[in-house]
Amino acid sequence: MTDILEKSQARQRLRSLGEALDSGALKQVARILNGGLSPSDIAHLLESSPPRQRALLWNLVDKQLEGEVLQYLGDDIRGYFLSQLNAQELADIIEDFESDDLADLLQQLPDTVIQEVLDTMDEQDRQRVEEVLAYPEDTAGGLMNTDTITVRPDISIDVVLRYLRRHRNLPPMTDSLIVVSRRDAYIGMLSITRMLVSNPAATVREVMDTEIEPIPVGLSDTKVATLFERYDLISAPVVNDHNKLLGRITIDDVVDVIREDADHSLMSMAGLDEDEDTFAPVMKTTRRRAVWLGVNVVTAFTSASVIGLFEETIQQVVALAVLMPIVASMGGIAGSQTLTLMIRGMAVGQVSSTNVRWLLNREFLATTLNGFLFAIVVSAAAMLWFRDPIIGLVIAMALIINLTIASIVGTLLPLTLKKLDIDPALAGGVILLTTTDVVGFLSFLGLATYFYA
C-alpha cells in the first residue's frame, strides 16, 4: 500500500513539474526537482526531455544531487553532461561514488581528464578505482566493487559482530561477509543471517559456506548475470587466477547488465546503438542510422539483381510479380523466428555445441511442416485467383524450399557469427533477410521459368 502511495505521489510531482515547465515557473521547477523527486526520477525526466529542455533542467538540479543523478542516466546523455564539466567539478560530483560506478563514469572521458580526476582523489580511493579501471568494463573485473568486508576463518562470531559494530555503516547490498586467508585468498562466505542466529562462541570456519564459487575476474558480464540469475545471488566475490580476492559484484550492477543486454538485442536488430538517445539531435540521429540504411541498399540491390535475371519470365507471366513478395516474406518471418530463438538461447547460455544438432533437426522439421501447410493454403489461393494450376504448384514448391533454407540459416547463422566474433543480434537479421529474399526469388522465379518455358 505504501509503495502504491509513493508511486502516486511521484507521478503527481512529475505532473506538477510538467505544468511548471510549461508556465515558465523556474523557481517552482527547481523546488520540485530538488525537494520532491528521487535521483532516479530526475534522471528519467532528463532522458524524457528534448535537448533544450534537458539542459535547462540539468542547470536547475542541486549540485549535491548531480552525482547521484548521473549514475542513473544512459551513457549517451551522461557523456554529454560530463563533457560540460572540468576536472575539479567532476571530482566534487564523484566524491561519494562507489568504485565500480566511478570506473564506469571515467571510462566515458578522455584519458587526460581521467588522470586529472584521479589526481584529485586521495591515495586509497584512487587505488580502488585504478584496480577496476584495469579490467574491461564488460567483465567481472569491470563490474566489481572493491569496497568489501572480509574476515578470517579462525575468529569467533562474537568478534565478527564487535568488528561490524565499529563500522558507521556497511557497504550497500552486503548480505554476506567474505572469508579470506591472511594472504587474501578466498575461502568462503559468511551469511549475515546465518551469523546472527549462530552461537557467538562458534568460529567463522564452523558457520561459513565454502560451496559458493567465486567469480573469475575475466568472466564476461553476460555470464556473470547468468550466474546471479541461476543461483539467486545478491553479491558474489571476484578473484584473480591465483584465487586472491579482488572485490565483489552486487545485484544492482547485474540488473544494469541484464537491462543493457536486452536493450542491445532489441536495438541491434534495427541497426541502432543500445544507448541511442530518444531525443538526440537530427544530424546525430541521421549519421547513426545512415550506416545500416546503406548496408540495406546493398542487400536490396542483391535481391533486385536476382529478380532481373528472370525479367523475361515475369513479362510472360504477370502473376509472378504479384505473388513474388509472398515467398520472400514468408521465408523472412520463418527465419527470423528461428534466429531470434537462437540468439536468446545463446544469450542465456542454453545453446552449446552439444545440442545444436537437436535444435537444427527440430527447427528443420517444424519449419518444413509449416512450409507444407502454408504451401497448400497459398497455392490454393493462387490457383483460384489466377485460375492457373501451374502457378499454384510453383509457389507451393518455392515456399517449402525457402522456409526450409530459412530454418537452417536461422539456426546456424548466429553460431557462425559468434565464432567470427561478430554480434549475431547486429548482423544476423540483415544477412538472414538477404538470404531468404535471394533464395525465395531464385526458387520461385527459377521454377516458374522451368515450368513455363
# chains A, B, ... in the order shown; residues from 1 in each chain; ligands from 1

$ residues_around --residues "A:Met342" --least-positions-apart "5" --cutoff "10 Å" --atoms "only C-alpha atoms" --output "number ranges by chain"
A: 336-337, 347, 350-351, 356, 359, 410-415, 424

$ write_last_selection --atoms "N, CA, C and O atoms" --output "PDB file, in the first residue's frame"
ATOM      1  N   SER A 336      13.390 -15.451 -39.187  1.00  0.00           N
ATOM      2  CA  SER A 336      13.514 -14.535 -38.046  1.00  0.00           C
ATOM      3  C   SER A 336      13.069 -15.201 -36.749  1.00  0.00           C
ATOM      4  O   SER A 336      13.647 -14.955 -35.684  1.00  0.00           O
ATOM      5  N   GLN A 337      12.034 -16.036 -36.822  1.00  0.00           N
ATOM      6  CA  GLN A 337      11.593 -16.764 -35.629  1.00  0.00           C
ATOM      7  C   GLN A 337      12.705 -17.654 -35.098  1.00  0.00           C
ATOM      8  O   GLN A 337      12.999 -17.677 -33.897  1.00  0.00           O
ATOM      9  N   ALA A 347      22.218 -16.179 -25.543  1.00  0.00           N
ATOM     10  CA  ALA A 347      22.381 -15.127 -24.527  1.00  0.00           C
ATOM     11  C   ALA A 347      22.223 -15.664 -23.115  1.00  0.00           C
ATOM     12  O   ALA A 347      22.913 -15.223 -22.195  1.00  0.00           O
ATOM     13  N   GLN A 350      21.878 -21.367 -23.024  1.00  0.00           N
ATOM     14  CA  GLN A 350      21.195 -22.649 -23.232  1.00  0.00           C
ATOM     15  C   GLN A 350      21.658 -23.375 -24.492  1.00  0.00           C
ATOM     16  O   GLN A 350      21.442 -24.570 -24.631  1.00  0.00           O
ATOM     17  N   VAL A 351      22.273 -22.655 -25.415  1.00  0.00           N
ATOM     18  CA  VAL A 351      22.710 -23.256 -26.684  1.00  0.00           C
ATOM     19  C   VAL A 351      24.207 -23.532 -26.634  1.00  0.00           C
ATOM     20  O   VAL A 351      25.001 -22.639 -26.290  1.00  0.00           O
ATOM     21  N   VAL A 356      23.230 -28.357 -30.562  1.00  0.00           N
ATOM     22  CA  VAL A 356      22.929 -27.662 -31.819  1.00  0.00           C
ATOM     23  C   VAL A 356      22.264 -28.597 -32.825  1.00  0.00           C
ATOM     24  O   VAL A 356      21.308 -28.219 -33.513  1.00  0.00           O
ATOM     25  N   LEU A 359      18.619 -28.977 -32.038  1.00  0.00           N
ATOM     26  CA  LEU A 359      17.883 -27.763 -32.382  1.00  0.00           C
ATOM     27  C   LEU A 359      17.724 -27.626 -33.898  1.00  0.00           C
ATOM     28  O   LEU A 359      16.665 -27.224 -34.384  1.00  0.00           O
ATOM     29  N   GLY A 410      18.746 -19.694 -40.107  1.00  0.00           N
ATOM     30  CA  GLY A 410      18.402 -19.082 -38.825  1.00  0.00           C
ATOM     31  C   GLY A 410      19.036 -19.794 -37.648  1.00  0.00           C
ATOM     32  O   GLY A 410      19.339 -19.172 -36.621  1.00  0.00           O
ATOM     33  N   THR A 411      19.257 -21.111 -37.777  1.00  0.00           N
ATOM     34  CA  THR A 411      19.879 -21.884 -36.698  1.00  0.00           C
ATOM     35  C   THR A 411      21.396 -21.746 -36.694  1.00  0.00           C
ATOM     36  O   THR A 411      22.015 -21.524 -35.647  1.00  0.00           O
ATOM     37  N   LEU A 412      22.011 -21.867 -37.857  1.00  0.00           N
ATOM     38  CA  LEU A 412      23.474 -21.911 -37.933  1.00  0.00           C
ATOM     39  C   LEU A 412      24.125 -20.532 -38.007  1.00  0.00           C
ATOM     40  O   LEU A 412      25.274 -20.365 -37.587  1.00  0.00           O
ATOM     41  N   LEU A 413      23.405 -19.539 -38.539  1.00  0.00           N
ATOM     42  CA  LEU A 413      23.995 -18.209 -38.727  1.00  0.00           C
ATOM     43  C   LEU A 413      24.495 -17.569 -37.430  1.00  0.00           C
ATOM     44  O   LEU A 413      25.644 -17.110 -37.377  1.00  0.00           O
ATOM     45  N   PRO A 414      23.678 -17.507 -36.348  1.00  0.00           N
ATOM     46  CA  PRO A 414      24.186 -16.860 -35.132  1.00  0.00           C
ATOM     47  C   PRO A 414      25.398 -17.568 -34.534  1.00  0.00           C
ATOM     48  O   PRO A 414      26.295 -16.921 -33.990  1.00  0.00           O
ATOM     49  N   LEU A 415      25.446 -18.894 -34.659  1.00  0.00           N
ATOM     50  CA  LEU A 415      26.597 -19.640 -34.147  1.00  0.00           C
ATOM     51  C   LEU A 415      27.849 -19.314 -34.958  1.00  0.00           C
ATOM     52  O   LEU A 415      28.938 -19.136 -34.407  1.00  0.00           O
ATOM     53  N   PRO A 424      25.690 -11.462 -33.356  1.00  0.00           N
ATOM     54  CA  PRO A 424      24.562 -12.011 -34.120  1.00  0.00           C
ATOM     55  C   PRO A 424      23.340 -11.099 -34.127  1.00  0.00           C
ATOM     56  O   PRO A 424      22.609 -11.037 -35.115  1.00  0.00           O
TER      57      PRO A 424
END

$ select_by_dssp --residues "stretch 38-107 of chain A" --states "helix (DSSP H, G or I)" --output "PyMOL selection string"
chain A and resi 39-47+51-60+63-72+75-83+87-96+99-106

$ residues_around --residues "A:Leu219" --least-positions-apart "3" --cutoff "12 Å" --atoms "only C-alpha atoms" --output "PyMOL selection string"
chain A and resi 135-144+214-216+222-227+238-241+249

$ select_by_dssp --residues "stretch 202-352 of chain A" --states "strand (DSSP E or B)" --output "PyMOL selection string"
chain A and resi 203+209+215-216+220+235-239+244-250

$ write_last_selection --atoms "N, CA and C atoms" --output "mmCIF file, in the first residue's frame"
data_model
loop_
_atom_site.group_PDB
_atom_site.id
_atom_site.type_symbol
_atom_site.label_atom_id
_atom_site.label_comp_id
_atom_site.auth_asym_id
_atom_site.auth_seq_id
_atom_site.Cartn_x
_atom_site.Cartn_y
_atom_site.Cartn_z
ATOM 1 N N THR A 203 33.262 -20.494 15.746
ATOM 2 C CA THR A 203 34.206 -19.819 14.867
ATOM 3 C C THR A 203 33.580 -19.604 13.482
ATOM 4 N N ASP A 209 30.039 -20.781 4.583
ATOM 5 C CA ASP A 209 29.654 -21.639 3.460
ATOM 6 C C ASP A 209 30.820 -21.674 2.470
ATOM 7 N N ILE A 215 33.803 -15.714 -8.552
ATOM 8 C CA ILE A 215 33.708 -15.394 -9.979
ATOM 9 C C ILE A 215 35.082 -14.978 -10.499
ATOM 10 N N PRO A 216 35.575 -15.620 -11.554
ATOM 11 C CA PRO A 216 36.869 -15.213 -12.128
ATOM 12 C C PRO A 216 36.810 -13.781 -12.643
ATOM 13 N N SER A 220 32.914 -12.785 -18.582
ATOM 14 C CA SER A 220 32.114 -11.746 -19.236
ATOM 15 C C SER A 220 30.929 -11.345 -18.372
ATOM 16 N N SER A 235 25.137 -10.854 -3.875
ATOM 17 C CA SER A 235 26.509 -10.412 -4.091
ATOM 18 C C SER A 235 27.376 -11.645 -4.273
ATOM 19 N N ALA A 236 28.546 -11.445 -4.882
ATOM 20 C CA ALA A 236 29.448 -12.571 -5.123
ATOM 21 C C ALA A 236 30.886 -12.070 -5.160
ATOM 22 N N PRO A 237 31.833 -12.865 -4.629
ATOM 23 C CA PRO A 237 33.239 -12.451 -4.622
ATOM 24 C C PRO A 237 33.888 -12.605 -5.996
ATOM 25 N N VAL A 238 34.863 -11.756 -6.268
ATOM 26 C CA VAL A 238 35.627 -11.817 -7.522
ATOM 27 C C VAL A 238 37.086 -12.094 -7.186
ATOM 28 N N VAL A 239 37.676 -13.075 -7.876
ATOM 29 C CA VAL A 239 39.070 -13.458 -7.588
ATOM 30 C C VAL A 239 39.897 -13.449 -8.867
ATOM 31 N N LYS A 244 43.086 -15.002 -5.353
ATOM 32 C CA LYS A 244 43.164 -13.864 -4.439
ATOM 33 C C LYS A 244 41.935 -12.980 -4.620
ATOM 34 N N LEU A 245 41.323 -12.595 -3.504
ATOM 35 C CA LEU A 245 40.118 -11.759 -3.551
ATOM 36 C C LEU A 245 40.458 -10.371 -4.075
ATOM 37 N N LEU A 246 39.679 -9.916 -5.064
ATOM 38 C CA LEU A 246 39.866 -8.584 -5.638
ATOM 39 C C LEU A 246 38.725 -7.639 -5.293
ATOM 40 N N GLY A 247 37.520 -8.170 -5.135
ATOM 41 C CA GLY A 247 36.353 -7.334 -4.852
ATOM 42 C C GLY A 247 35.099 -8.172 -4.873
ATOM 43 N N ARG A 248 33.969 -7.536 -5.093
ATOM 44 C CA ARG A 248 32.692 -8.249 -5.160
ATOM 45 C C ARG A 248 31.778 -7.572 -6.164
ATOM 46 N N ILE A 249 30.835 -8.343 -6.666
ATOM 47 C CA ILE A 249 29.816 -7.834 -7.579
ATOM 48 C C ILE A 249 28.477 -7.895 -6.860
ATOM 49 N N THR A 250 27.666 -6.847 -7.023
ATOM 50 C CA THR A 250 26.367 -6.809 -6.348
ATOM 51 C C THR A 250 25.230 -6.808 -7.369
#

$ closest_residue --among "A:Gly446, A:Gly67, A:Pro110, A:Gly74" --to "A:Ile93" --atoms "only C-alpha atoms"
A:Gly67

$ closest_residue --among "A:Ala87, A:Arg182, A:Thr404, A:Phe279" --to "A:Glu47" --atoms "only C-alpha atoms"
A:Phe279

$ closest_residue --among "A:Val306, A:Ala425, A:Trp292, A:Asp175" --to "A:Asp263" --atoms "only C-alpha atoms"
A:Ala425

$ residues_around --residues "A:Gly371" --least-positions-apart "2" --cutoff "8 Å" --atoms "only C-alpha atoms" --output "PyMOL selection string"
chain A and resi 367-369+373-375+399-400+403-404

$ atom_distance --atom1 "atom CA of A:Gly188" --atom2 "atom CA of A:Val160"
15.0 Å

$ residues_around --residues "A:Ser191" --least-positions-apart "3" --cutoff "10 Å" --atoms "only C-alpha atoms" --output "JSON, numbers by chain"
{"A": [174, 175, 176, 177, 178, 188, 194, 195, 196, 207, 208, 209]}
